[in-house]
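Novice: Just so it is clear, I am handing over work-v4.txt, which has compact mmCIF, C-alpha atoms.
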```txt
# COMPACT_ATOMS: atom_id res chain seq x y z
CA MET A 1 60.55 113.24 29.71
CA THR A 2 63.54 112.31 31.85
CA THR A 3 65.24 109.11 30.76
CA THR A 4 66.33 106.36 33.12
CA THR A 5 69.97 107.16 32.39
CA GLU A 6 69.46 110.80 33.28
CA GLN A 7 67.65 109.82 36.46
CA LEU A 8 70.46 107.52 37.54
CA SER A 9 73.14 110.09 36.78
CA ALA A 10 71.42 112.47 39.16
CA THR A 11 71.38 109.98 42.05
CA THR A 12 74.16 109.20 44.47
CA LEU A 13 76.00 105.90 44.78
CA LEU A 14 76.15 103.88 48.00
CA ARG A 15 78.54 100.99 48.46
CA PHE A 16 77.43 98.69 51.26
CA ALA A 17 78.22 95.23 52.58
CA THR A 18 76.18 92.64 54.44
CA ALA A 19 77.65 90.47 57.18
CA GLY A 20 76.52 88.24 60.01
CA SER A 21 76.79 84.77 61.48
CA VAL A 22 75.90 81.58 59.60
CA ASP A 23 72.17 81.15 58.92
CA ASP A 24 71.32 84.67 60.07
CA GLY A 25 69.69 85.20 56.67
CA LYS A 26 72.07 87.52 54.80
CA SER A 27 71.45 86.07 51.37
CA THR A 28 67.70 85.94 51.98
CA LEU A 29 67.76 89.62 52.99
CA VAL A 30 69.68 90.55 49.85
CA GLY A 31 67.33 88.46 47.71
CA ARG A 32 64.30 90.09 49.33
CA LEU A 33 65.83 93.53 48.83
CA LEU A 34 66.44 92.87 45.15
CA HIS A 35 63.06 91.20 44.62
CA ASP A 36 60.87 93.72 46.40
CA SER A 37 62.69 96.72 44.90
CA LYS A 38 61.97 95.28 41.42
CA SER A 39 65.69 94.84 40.72
CA VAL A 40 65.49 91.21 39.58
CA LEU A 41 65.18 90.37 35.90
CA ALA A 42 62.39 88.01 34.88
CA ASP A 43 64.76 85.27 33.70
CA GLN A 44 66.71 85.46 37.00
CA LEU A 45 63.53 85.05 39.02
CA GLU A 46 62.40 82.20 36.77
CA ALA A 47 65.73 80.41 37.31
CA VAL A 48 65.41 80.82 41.08
CA GLU A 49 61.83 79.51 41.03
CA HIS A 50 62.92 76.49 38.97
CA ALA A 51 65.86 75.75 41.31
CA SER A 52 63.58 76.10 44.34
CA ARG A 53 60.98 73.70 42.90
CA SER A 54 63.67 71.14 42.11
CA ARG A 55 64.65 71.23 45.78
CA GLY A 56 61.07 70.64 46.88
CA GLN A 57 60.36 74.22 47.99
CA GLU A 58 56.93 75.66 47.29
CA THR A 59 58.04 79.31 47.34
CA PRO A 60 61.13 80.82 45.66
CA ASP A 61 64.27 80.71 47.80
CA LEU A 62 65.45 84.30 47.37
CA ALA A 63 68.88 83.44 48.81
CA LEU A 64 69.64 81.76 45.48
CA LEU A 65 69.77 85.19 43.86
CA THR A 66 73.16 85.75 45.50
CA ASP A 67 74.45 82.27 46.38
CA GLY A 68 75.72 81.41 42.91
CA LEU A 69 78.42 78.83 43.66
CA ARG A 70 77.37 75.17 43.54
CA ALA A 71 78.89 74.59 46.99
CA GLU A 72 76.94 77.55 48.34
CA ARG A 73 73.63 76.20 47.08
CA GLU A 74 74.36 72.68 48.29
CA GLN A 75 75.33 73.80 51.80
CA GLY A 76 72.94 76.75 52.04
CA ILE A 77 75.75 79.12 53.02
CA THR A 78 77.67 82.00 51.45
CA ILE A 79 81.33 81.24 50.71
CA ASP A 80 82.56 83.92 48.32
CA VAL A 81 81.75 87.63 48.22
CA ALA A 82 78.81 88.17 45.87
CA TYR A 83 78.55 91.63 44.31
CA ARG A 84 75.22 92.94 43.10
CA TYR A 85 74.39 96.20 41.36
CA PHE A 86 70.92 97.70 41.55
CA ALA A 87 69.20 101.05 41.63
CA THR A 88 66.08 102.83 42.77
CA PRO A 89 64.90 106.27 41.62
CA ARG A 90 66.62 107.77 44.68
CA ARG A 91 70.04 106.06 44.68
CA ARG A 92 72.34 103.55 43.00
CA PHE A 93 73.86 100.69 44.99
CA ILE A 94 76.85 98.37 44.88
CA LEU A 95 76.24 95.55 47.33
CA ALA A 96 78.78 93.05 48.66
CA ASP A 97 77.15 90.00 50.25
CA THR A 98 79.90 88.55 52.46
CA PRO A 99 80.20 85.12 54.14
CA GLY A 100 79.34 84.42 57.76
CA HIS A 101 81.69 81.55 58.59
CA VAL A 102 84.68 82.34 60.80
CA GLN A 103 86.98 80.82 58.18
CA TYR A 104 85.72 83.35 55.62
CA THR A 105 86.19 86.46 57.75
CA ARG A 106 88.89 87.51 55.28
CA ASN A 107 86.20 87.66 52.58
CA MET A 108 84.29 90.17 54.69
CA VAL A 109 87.44 92.31 54.82
CA THR A 110 87.43 92.32 51.02
CA GLY A 111 83.77 93.25 50.77
CA ALA A 112 83.81 95.95 53.46
CA SER A 113 87.10 97.60 52.50
CA THR A 114 85.37 100.05 50.13
CA ALA A 115 81.95 100.09 51.81
CA GLU A 116 80.35 103.21 53.24
CA LEU A 117 77.77 101.20 55.16
CA ALA A 118 77.67 97.71 56.66
CA VAL A 119 74.51 95.75 57.41
CA VAL A 120 75.21 93.31 60.25
CA LEU A 121 72.50 90.68 60.65
CA VAL A 122 71.55 89.00 63.91
CA ASP A 123 69.16 86.07 64.37
CA ALA A 124 66.54 87.30 66.84
CA ARG A 125 66.51 83.84 68.47
CA ASN A 126 70.28 83.78 69.11
CA GLY A 127 71.09 87.44 69.76
CA VAL A 128 74.61 88.85 69.53
CA VAL A 129 77.12 86.01 69.08
CA GLU A 130 80.89 85.90 68.67
CA GLN A 131 80.75 86.25 64.90
CA THR A 132 78.47 89.29 65.25
CA ARG A 133 81.12 90.96 67.40
CA ARG A 134 83.82 89.93 64.93
CA HIS A 135 82.00 91.53 62.01
CA ALA A 136 81.29 94.69 63.99
CA ALA A 137 84.99 94.90 64.88
CA VAL A 138 86.08 94.42 61.26
CA ALA A 139 83.65 97.14 60.13
CA ALA A 140 85.08 99.47 62.79
CA LEU A 141 88.66 98.57 61.90
CA LEU A 142 87.99 99.35 58.23
CA ARG A 143 86.40 102.69 59.23
CA VAL A 144 83.00 101.90 57.73
CA PRO A 145 81.12 105.05 58.83
CA HIS A 146 77.56 103.67 59.00
CA VAL A 147 76.51 100.35 60.57
CA VAL A 148 72.97 98.93 60.41
CA LEU A 149 71.97 96.22 62.88
CA ALA A 150 69.28 94.14 61.17
CA VAL A 151 67.61 91.92 63.76
CA ASN A 152 66.28 89.19 61.47
CA LYS A 153 63.70 86.40 61.90
CA MET A 154 61.47 88.52 64.11
CA ASP A 155 58.59 86.35 62.88
CA LEU A 156 60.10 83.42 64.79
CA VAL A 157 60.00 85.31 68.11
CA GLY A 158 56.44 86.57 67.71
CA TYR A 159 57.59 90.05 66.61
CA ALA A 160 58.34 90.77 70.27
CA GLU A 161 59.64 94.29 70.93
CA PRO A 162 61.58 93.33 74.12
CA VAL A 163 63.64 90.79 72.16
CA PHE A 164 64.61 93.42 69.61
CA ALA A 165 65.32 96.07 72.26
CA ALA A 166 67.66 93.80 74.23
CA ILE A 167 69.67 92.82 71.14
CA ALA A 168 69.87 96.41 69.93
CA GLU A 169 71.08 97.62 73.34
CA GLU A 170 73.81 94.94 73.58
CA PHE A 171 75.08 95.49 70.03
CA THR A 172 75.03 99.28 70.29
CA ALA A 173 77.07 99.19 73.49
CA TYR A 174 79.68 96.95 71.85
CA ALA A 175 79.83 99.03 68.65
CA ASP A 176 80.14 102.22 70.70
CA SER A 177 83.16 100.74 72.46
CA LEU A 178 84.75 100.29 69.03
CA GLY A 179 84.15 103.93 68.14
CA VAL A 180 81.56 103.29 65.42
CA PRO A 181 80.06 106.75 64.77
CA GLU A 182 76.53 105.71 63.71
CA ILE A 183 74.46 102.61 64.49
CA THR A 184 70.89 102.09 63.27
CA ALA A 185 68.89 99.09 64.51
CA ILE A 186 66.00 97.74 62.40
CA PRO A 187 63.76 94.73 63.24
CA ILE A 188 63.08 92.66 60.11
CA SER A 189 61.95 89.35 58.70
CA ALA A 190 63.80 88.80 55.44
CA LEU A 191 61.76 85.69 54.66
CA ALA A 192 58.40 87.44 55.11
CA GLY A 193 59.57 90.83 53.88
CA ASP A 194 58.86 92.75 57.10
CA ASN A 195 60.65 96.14 57.18
CA VAL A 196 62.96 95.25 54.27
CA VAL A 197 61.34 97.31 51.52
CA GLU A 198 57.82 97.69 52.87
CA PRO A 199 56.90 98.57 56.49
CA SER A 200 55.78 95.65 58.62
CA ALA A 201 52.13 95.27 59.62
CA HIS A 202 53.24 93.08 62.55
CA MET A 203 55.51 95.59 64.32
CA ASP A 204 53.49 98.75 64.87
CA TRP A 205 55.73 99.47 67.87
CA TYR A 206 58.59 100.26 65.46
CA GLY A 207 58.50 103.72 63.92
CA GLY A 208 61.87 103.82 62.16
CA PRO A 209 62.80 103.35 58.50
CA THR A 210 62.80 100.13 56.52
CA VAL A 211 66.15 98.77 55.38
CA LEU A 212 65.73 100.17 51.85
CA GLU A 213 64.51 103.52 53.12
CA HIS A 214 67.57 103.85 55.32
CA LEU A 215 69.86 102.82 52.47
CA GLU A 216 68.27 105.43 50.24
CA THR A 217 68.51 108.28 52.75
CA VAL A 218 71.68 107.69 54.77
CA PRO A 219 74.10 110.60 54.18
CA VAL A 220 76.92 109.59 51.86
CA SER A 221 79.84 111.92 51.37
CA HIS A 222 81.88 111.48 48.22
CA ASP A 223 83.53 114.85 48.66
CA LEU A 224 87.20 113.91 48.72
CA THR A 225 88.31 117.43 47.85
CA ALA A 226 88.61 118.30 51.53
CA CYS A 227 91.05 115.43 52.11
CA HIS A 228 94.82 115.58 51.79
CA ALA A 229 95.57 115.84 48.06
CA ARG A 230 97.40 112.76 46.77
CA PHE A 231 98.30 111.74 43.22
CA PRO A 232 99.98 108.33 42.74
CA VAL A 233 101.74 108.27 39.37
CA GLN A 234 100.68 105.36 37.18
CA TYR A 235 102.42 106.16 33.91
CA VAL A 236 104.81 108.70 32.42
CA ILE A 237 103.68 110.02 29.03
CA ARG A 238 106.47 111.00 26.62
CA PRO A 239 105.13 110.97 23.01
CA GLN A 240 108.31 112.50 21.51
CA THR A 241 106.46 113.19 18.27
CA ALA A 242 106.74 116.13 15.90
CA GLU A 243 103.50 117.49 17.30
CA HIS A 244 104.56 117.03 20.95
CA PRO A 245 108.37 116.98 20.98
CA ASP A 246 108.79 118.12 24.60
CA TYR A 247 105.63 116.80 26.22
CA ARG A 248 106.16 115.12 29.59
CA GLY A 249 103.07 114.25 31.59
CA TYR A 250 102.38 112.11 34.63
CA ALA A 251 99.17 110.13 34.33
CA GLY A 252 97.12 108.58 37.11
CA GLN A 253 93.98 108.80 39.22
CA ILE A 254 93.76 111.42 41.94
CA ALA A 255 93.38 109.39 45.15
CA ALA A 256 92.12 112.29 47.27
CA GLY A 257 91.88 116.07 47.35
CA ALA A 258 92.27 118.48 44.45
CA PHE A 259 95.15 119.83 42.34
CA ARG A 260 95.31 123.26 40.72
CA VAL A 261 97.44 124.83 38.03
CA GLY A 262 100.12 127.00 39.66
CA GLU A 263 100.20 124.93 42.86
CA PRO A 264 103.64 124.04 44.31
CA VAL A 265 103.99 120.27 44.68
CA THR A 266 106.47 117.80 46.11
CA VAL A 267 107.35 114.47 44.52
CA LEU A 268 107.82 111.61 46.98
CA PRO A 269 109.89 109.77 48.02
CA SER A 270 112.60 111.90 46.36
CA GLY A 271 111.38 115.14 47.96
CA ARG A 272 112.00 117.17 44.78
CA THR A 273 109.69 120.16 44.32
CA SER A 274 108.08 121.81 41.32
CA THR A 275 104.88 123.57 40.22
CA VAL A 276 101.85 122.28 38.33
CA VAL A 277 101.83 124.12 35.00
CA ALA A 278 99.03 122.17 33.29
CA ILE A 279 96.37 119.55 33.95
CA ASP A 280 95.05 117.48 31.05
CA ALA A 281 91.70 115.74 31.50
CA LEU A 282 89.88 113.91 28.70
CA GLY A 283 92.01 115.60 26.09
CA GLU A 284 91.41 119.11 27.38
CA SER A 285 93.38 121.44 29.64
CA VAL A 286 91.68 122.32 32.94
CA ASP A 287 92.63 124.59 35.82
CA ILE A 288 91.58 122.22 38.60
CA ALA A 289 91.01 118.48 39.01
CA TRP A 290 89.83 116.47 41.97
CA ALA A 291 89.40 112.89 43.17
CA PRO A 292 88.61 110.44 41.70
CA GLN A 293 89.35 111.95 38.27
CA SER A 294 91.98 110.37 36.05
CA VAL A 295 94.22 113.12 34.70
CA THR A 296 97.70 113.95 33.49
CA LEU A 297 99.74 116.47 35.48
CA ARG A 298 102.52 118.51 33.85
CA LEU A 299 105.17 120.13 36.00
CA ALA A 300 107.42 123.13 35.45
CA ASP A 301 110.63 121.15 35.97
CA ASP A 302 111.99 117.98 34.38
CA ILE A 303 112.19 115.72 37.42
CA ASP A 304 113.00 112.04 37.49
CA ILE A 305 109.49 110.70 38.16
CA SER A 306 108.28 107.17 37.53
CA ARG A 307 105.38 104.85 38.32
CA GLY A 308 104.93 104.54 42.07
CA ASP A 309 105.97 108.09 42.93
CA LEU A 310 103.46 110.25 44.80
CA ILE A 311 102.75 113.90 43.99
CA ALA A 312 101.33 116.01 46.83
CA PRO A 313 100.99 119.72 47.65
CA SER A 314 104.23 121.03 49.11
CA ASN A 315 102.44 122.44 52.16
CA ASP A 316 100.65 119.14 52.86
CA ALA A 317 103.04 116.39 51.86
CA PRO A 318 103.04 113.18 53.93
CA PRO A 319 106.28 112.11 55.63
CA THR A 320 108.19 109.19 54.16
CA THR A 321 109.24 106.19 56.18
CA ARG A 322 110.79 102.77 55.85
CA ASP A 323 109.32 101.51 59.12
CA VAL A 324 105.61 100.82 58.71
CA GLU A 325 103.54 100.15 61.82
CA ALA A 326 100.07 98.89 60.95
CA THR A 327 97.14 96.64 61.69
CA VAL A 328 96.74 93.83 59.18
CA CYS A 329 94.03 91.33 58.37
CA HIS A 330 95.80 88.15 57.30
CA VAL A 331 93.97 86.59 54.35
CA ALA A 332 96.33 83.85 53.13
CA ASP A 333 96.41 80.20 54.21
CA GLU A 334 100.16 80.49 54.71
CA PRO A 335 100.98 82.08 58.11
CA LEU A 336 102.70 85.45 58.30
CA ARG A 337 105.79 85.17 60.50
CA VAL A 338 108.51 87.45 61.83
CA GLY A 339 111.32 87.51 59.27
CA HIS A 340 108.94 86.86 56.38
CA ARG A 341 110.20 88.57 53.20
CA VAL A 342 107.31 90.16 51.33
CA LEU A 343 106.38 92.75 48.75
CA LEU A 344 104.45 95.78 50.02
CA LYS A 345 102.07 97.36 47.50
CA HIS A 346 100.92 100.89 48.35
CA THR A 347 98.88 102.72 45.69
CA THR A 348 100.95 102.27 42.50
CA ARG A 349 104.24 101.57 44.32
CA THR A 350 105.53 98.08 45.13
CA VAL A 351 108.67 97.65 47.25
CA LYS A 352 110.51 94.80 48.92
CA ALA A 353 110.00 94.49 52.67
CA ILE A 354 110.57 92.25 55.67
CA VAL A 355 108.29 91.61 58.64
CA LYS A 356 110.36 92.84 61.60
CA ASP A 357 107.87 92.22 64.39
CA ILE A 358 104.33 91.05 65.18
CA PRO A 359 103.69 92.77 68.52
CA SER A 360 100.17 91.48 69.08
CA ARG A 361 97.14 89.63 67.79
CA LEU A 362 93.65 90.96 68.42
CA THR A 363 91.16 88.84 70.36
CA LEU A 364 87.81 89.95 69.01
CA ASP A 365 85.77 88.46 71.85
CA ASP A 366 86.89 91.11 74.34
CA LEU A 367 89.13 93.32 72.14
CA SER A 368 92.20 92.34 74.17
CA GLN A 369 95.67 92.08 72.65
CA HIS A 370 97.48 88.74 72.70
CA PRO A 371 101.15 89.79 72.93
CA ALA A 372 103.95 88.41 70.74
CA PRO A 373 101.98 85.70 68.91
CA GLY A 374 104.95 84.99 66.62
CA GLN A 375 102.73 84.57 63.59
CA LEU A 376 99.34 85.43 62.12
CA VAL A 377 97.22 82.73 60.49
CA ALA A 378 94.29 83.05 58.11
CA ASN A 379 91.59 85.47 59.37
CA ASP A 380 93.79 86.79 62.20
CA ILE A 381 93.94 90.53 62.85
CA GLY A 382 97.15 91.81 64.40
CA ARG A 383 99.72 94.56 64.68
CA VAL A 384 102.86 94.31 62.56
CA VAL A 385 106.04 96.27 62.01
CA VAL A 386 107.38 96.09 58.45
CA ARG A 387 110.75 97.41 57.24
CA THR A 388 110.77 98.42 53.57
CA ALA A 389 113.74 98.54 51.21
CA GLU A 390 112.66 101.96 49.92
CA PRO A 391 110.83 104.90 51.55
CA LEU A 392 107.04 105.08 51.34
CA ALA A 393 104.73 108.09 51.63
CA LEU A 394 101.99 106.58 53.79
CA ASP A 395 99.09 108.41 55.41
CA ALA A 396 97.43 107.07 58.53
CA TYR A 397 94.44 104.90 57.59
CA ALA A 398 92.31 106.98 59.96
CA ASP A 399 93.05 109.98 57.71
CA SER A 400 92.66 108.25 54.36
CA ARG A 401 91.35 104.80 53.52
CA ARG A 402 92.92 105.18 50.08
CA THR A 403 96.50 106.19 50.84
CA GLY A 404 96.63 104.62 54.30
CA SER A 405 96.05 101.06 53.09
CA PHE A 406 98.44 98.56 51.55
CA LEU A 407 98.86 94.88 50.68
CA LEU A 408 101.55 92.42 51.70
CA ILE A 409 102.28 90.06 48.81
CA ASP A 410 104.22 86.82 48.52
CA PRO A 411 107.15 87.60 46.16
CA ALA A 412 107.32 83.97 45.02
CA ASP A 413 103.88 83.63 43.46
CA GLY A 414 102.12 86.98 43.86
CA THR A 415 99.61 85.71 46.44
CA THR A 416 98.06 88.40 48.64
CA LEU A 417 99.08 87.66 52.22
CA SER A 418 97.61 90.50 54.29
CA ALA A 419 95.58 93.68 53.94
CA GLY A 420 97.17 96.46 55.98
CA MET A 421 96.00 99.70 57.55
CA ALA A 422 98.78 102.08 58.55
CA GLY A 423 98.79 103.82 61.91
CA ALA A 424 96.73 103.23 65.03
CA SER A 425 94.08 100.51 65.21
CA PHE A 426 90.42 101.24 65.89
CA THR A 427 90.87 100.50 69.60
CA THR A 428 93.23 103.45 69.92
CA ALA A 429 90.77 105.74 68.15
CA ALA A 430 87.92 104.48 70.30
CA ALA A 431 89.95 105.18 73.41
CA GLY A 432 90.11 108.83 72.40
CA ALA A 433 93.56 109.02 70.82
CA PRO A 434 93.13 108.86 67.04
CA ALA A 435 96.15 108.47 64.84
CA ASP A 436 95.76 112.00 63.52
CA GLY A 437 96.19 113.49 66.97
CA THR A 438 92.64 114.79 67.32
CA ASP A 439 90.51 114.14 70.36
CA GLY A 440 87.25 112.75 69.03
CA ASN A 441 85.95 109.66 67.30
CA ASP A 442 84.33 111.56 64.43
CA ALA A 443 87.66 113.09 63.37
CA ALA A 444 89.25 109.67 63.14
CA TRP A 445 86.64 108.64 60.58
CA ASP A 446 87.28 111.51 58.17
CA PHE A 447 88.40 109.83 54.96
```
Can the structure in the file be given as structure tokens, please?

Specialist:
Amino acid sequence: MTTTTEQLSATTLLRFATAGSVDDGKSTLVGRLLHDSKSVLADQLEAVEHASRSRGQETPDLALLTDGLRAEREQGITIDVAYRYFATPRRRFILADTPGHVQYTRNMVTGASTAELAVVLVDARNGVVEQTRRHAAVAALLRVPHVVLAVNKMDLVGYAEPVFAAIAEEFTAYADSLGVPEITAIPISALAGDNVVEPSAHMDWYGGPTVLEHLETVPVSHDLTACHARFPVQYVIRPQTAEHPDYRGYAGQIAAGAFRVGEPVTVLPSGRTSTVVAIDALGESVDIAWAPQSVTLRLADDIDISRGDLIAPSNDAPPTTRDVEATVCHVADEPLRVGHRVLLKHTTRTVKAIVKDIPSRLTLDDLSQHPAPGQLVANDIGRVVVRTAEPLALDAYADSRRTGSFLLIDPADGTTLSAGMAGASFTTAAAGAPADGTDGNDAAWDF
């Protein structure tokens, strides 16, 4: 008999995030998803039922399964990103329930940065609003490959098909203009459970999947071996013992691609070259290793390599630069200004830098660029030019979400200021000129 552990090991993993405007029902949807998929423990459900009764509610408020902060429960809103882990026989899930308030847009950036799918909720009574467009734009900017439009509260509009069709048409047109490669619209009622886990008996005009069915079947590619091979060095291993007197290995996690014994490699930013002579994984020597394995590489030559260096195949090494042009989402309360001295953290490398220019700030209402804003405040998205003290080996974010992203950090107290994405913004890719020089939207989403 197959054990639960064996079943789970055979399933794939999907990371997804929920987003939407205030009171669109994100937390209720998540609670319904967990409850109806039998992913809630008995004591958790009992606690929710008790909290609901104490607030005078006859039925359990499933939003309380994710809104764990006291302020969230008092105000009935989501403030922080709530992560939930659950599984069905077909797939495992890591869910990030993100806030809807404009002031917490930065939290959505955190939740969606590693997501492969985003569920954007819309209240069927209100339709597509400014915050809906903002969340769609952030999902597109972060290159989230799959977007689900969940038109919620269909029970409050009489389960009317024309209402759903109009909202789906408006949102799809907007998301298409951003270059989102796949949009799936689903009419739901999170409160009543319609089309969340079980098909709705009130919407026989809808023949598509439920939310859970789509989550279980959407194609998810974890094959990073086809990407540009990148190995950020985390630690240099030099035992210098009697058993290993000459051992020198470079430990870290392969960010993308695959490395093979005998392969010529280049160490960046120095540009020195060598050959992989051995790969150690879990105490054994292997001939090949791929992302996201943690391994130790050994090279034929004794090269000065330290934490923060990047090892890449010699025939596919990224260029180094000290002038970083990128789109950033500013997440700190302190504004980011021209002349601001910062630390730039890229993979395992942290270097000093200065903000040389802020050419524009994005207006998410109409995707226009506000030129020369002078500064970016919390939740702003804008273009920046950063000059680093040392060279960096950056890929374009459109090519790799892992080696094309970075953080700007306050050197005084270590506060994260901005999350950056190197290269062209999503508007350039949507216009047909991706940062990698290809001519189609799909290519720009290959990470």

Novice: Sort by chain and increasing residue number a table of all residues of segment 136-161 of chain A within 9 Å of segment 166-183 of chain A, each with its closest pair of atoms and their distance in Å to one decimal, counting only C-alpha atoms, and write it as a Markdown table.

Specialist:
```
| residue | atom | partner | partner_atom | distance |
| --- | --- | --- | --- | --- |
| A:Ala136 | CA | A:Ala175 | CA | 6.5 |
| A:Ala137 | CA | A:Leu178 | CA | 6.8 |
| A:Ala139 | CA | A:Val180 | CA | 8.4 |
| A:Ala140 | CA | A:Val180 | CA | 5.8 |
| A:Leu141 | CA | A:Leu178 | CA | 8.3 |
| A:Arg143 | CA | A:Val180 | CA | 7.9 |
| A:Val144 | CA | A:Val180 | CA | 7.9 |
| A:Pro145 | CA | A:Pro181 | CA | 6.3 |
| A:His146 | CA | A:Glu182 | CA | 5.2 |
| A:Val147 | CA | A:Ile183 | CA | 5.0 |
| A:Val148 | CA | A:Ile183 | CA | 5.7 |
| A:Leu149 | CA | A:Ile183 | CA | 7.0 |
| A:Val151 | CA | A:Ile167 | CA | 7.7 |
| A:Glu161 | CA | A:Ala166 | CA | 8.7 |
```

Novice: May I have the selected residues written with C-alpha atoms, as a PDB file, in the frame of the given file?

Specialist:
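Output saved as part-v9.pdb:
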```pdb
ATOM      1  CA  ALA A 136      81.290  94.690  63.990  1.00  0.00           C
ATOM      2  CA  ALA A 137      84.990  94.900  64.880  1.00  0.00           C
ATOM      3  CA  ALA A 139      83.650  97.140  60.130  1.00  0.00           C
ATOM      4  CA  ALA A 140      85.080  99.470  62.790  1.00  0.00           C
ATOM      5  CA  LEU A 141      88.660  98.570  61.900  1.00  0.00           C
ATOM      6  CA  ARG A 143      86.400 102.690  59.230  1.00  0.00           C
ATOM      7  CA  VAL A 144      83.000 101.900  57.730  1.00  0.00           C
ATOM      8  CA  PRO A 145      81.120 105.050  58.830  1.00  0.00           C
ATOM      9  CA  HIS A 146      77.560 103.670  59.000  1.00  0.00           C
ATOM     10  CA  VAL A 147      76.510 100.350  60.570  1.00  0.00           C
ATOM     11  CA  VAL A 148      72.970  98.930  60.410  1.00  0.00           C
ATOM     12  CA  LEU A 149      71.970  96.220  62.880  1.00  0.00           C
ATOM     13  CA  VAL A 151      67.610  91.920  63.760  1.00  0.00           C
ATOM     14  CA  GLU A 161      59.640  94.290  70.930  1.00  0.00           C
TER      15      GLU A 161
END
```

Novice: For Leu212 of chain A, which residue out of A:Gly193, A:Gly283, A:Gly257, A:Gly20 is the nearest one, using all atoms listed in the file?

Specialist: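 Using all atoms listed in the file, the shortest distance to Leu212 of chain A belongs to A:Gly193.
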
Novice: For Arg134 of chain A, which residue among A:Ser39, A:Ser418, A:Ser21, A:Thr347 is the nearest when counting only C-alpha atoms?

Specialist: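 Of A:Ser39, A:Ser418, A:Ser21, A:Thr347, the one nearest Arg134 of chain A, counting only C-alpha atoms, is A:Ser21.
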
Novice: Of the candidates A:Ala419, A:Leu142, A:Ala256, A:Leu121, which shows the shortest atom-to-atom distance to Phe231 of chain A, using only C-alpha atoms?

Specialist: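 With only C-alpha atoms as the atom set, the closest residue is A:Ala256.
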
Novice: Neighbours of segment 312-322 of chain A within 9 Å (all atoms listed in the file; same-chain residues fewer than 2 positions away dropped), as a list in words?

Specialist: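 Counting only the stated atoms, we get His228, Ala229, Arg230, Phe231, Pro232, Phe259, Glu263, Pro264, Val265, Thr266, Val267, Leu268, Pro269, Thr273, Ser274, Leu310, Val324, Ala353, Val386, Arg387, Thr388, Ala389, Glu390, Pro391, Leu392, Ala393, Leu394 and Asp395 of chain A.
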
Novice: The residues within 10 Å of (114.7, 112.8, 39.1), using all atoms listed in the file and the coordinates of the file, should be reported as a PyMOL selection string; which are they?

Specialist: chain A and resi 267+270-272+301-306

Novice: For a test of reading the model, state the distance in Å between atom CA of Asp24 of chain A and atom CA of Ser37 of chain A, rounded to one decimal.

Specialist: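 That distance, rounded to one decimal, is 21.2 Å.
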
Novice: Neighbouring residues of segment 237-245 of chain A were defined as those with any atom within 12 Å, considering all atoms listed in the file; residues of the same chain fewer than 5 positions away were excluded. Please report them as a list in words.

Specialist: Tyr250, Ala251, Gly252, Asp280, Val295, Thr296, Leu297, Arg298, Asp302, Ile305, Ser306 and Arg307 of chain A

Novice: For Met203 of chain A, which of A:Leu343, A:Val220, A:Ala150, A:Ala160 is the closest residue, counting all atoms listed in the file?

Specialist: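 For Met203 of chain A, the nearest of the given residues is A:Ala160.
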
Novice: A:His370, A:Tyr85, A:Gln375, A:Gly308: which is nearest Arg337 of chain A, counting all atoms listed in the file?

Specialist: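 Using all atoms listed in the file, the shortest distance to Arg337 of chain A belongs to A:Gln375.
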
Novice: How many Å lie between atom CA of Ile186 of chain A and atom CA of Thr12 of chain A, rounded to one decimal?

Specialist: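 Atom CA of Thr12 of chain A lies at a distance of 22.8 Å from atom CA of Ile186 of chain A.
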
Novice: Quick one: residues within 7 Å of Val277 of chain A, all atoms listed in the file counted, chain neighbours fewer than 3 positions away excluded, as a ChimeraX atom specification?

Specialist: /A:261-262,298-300
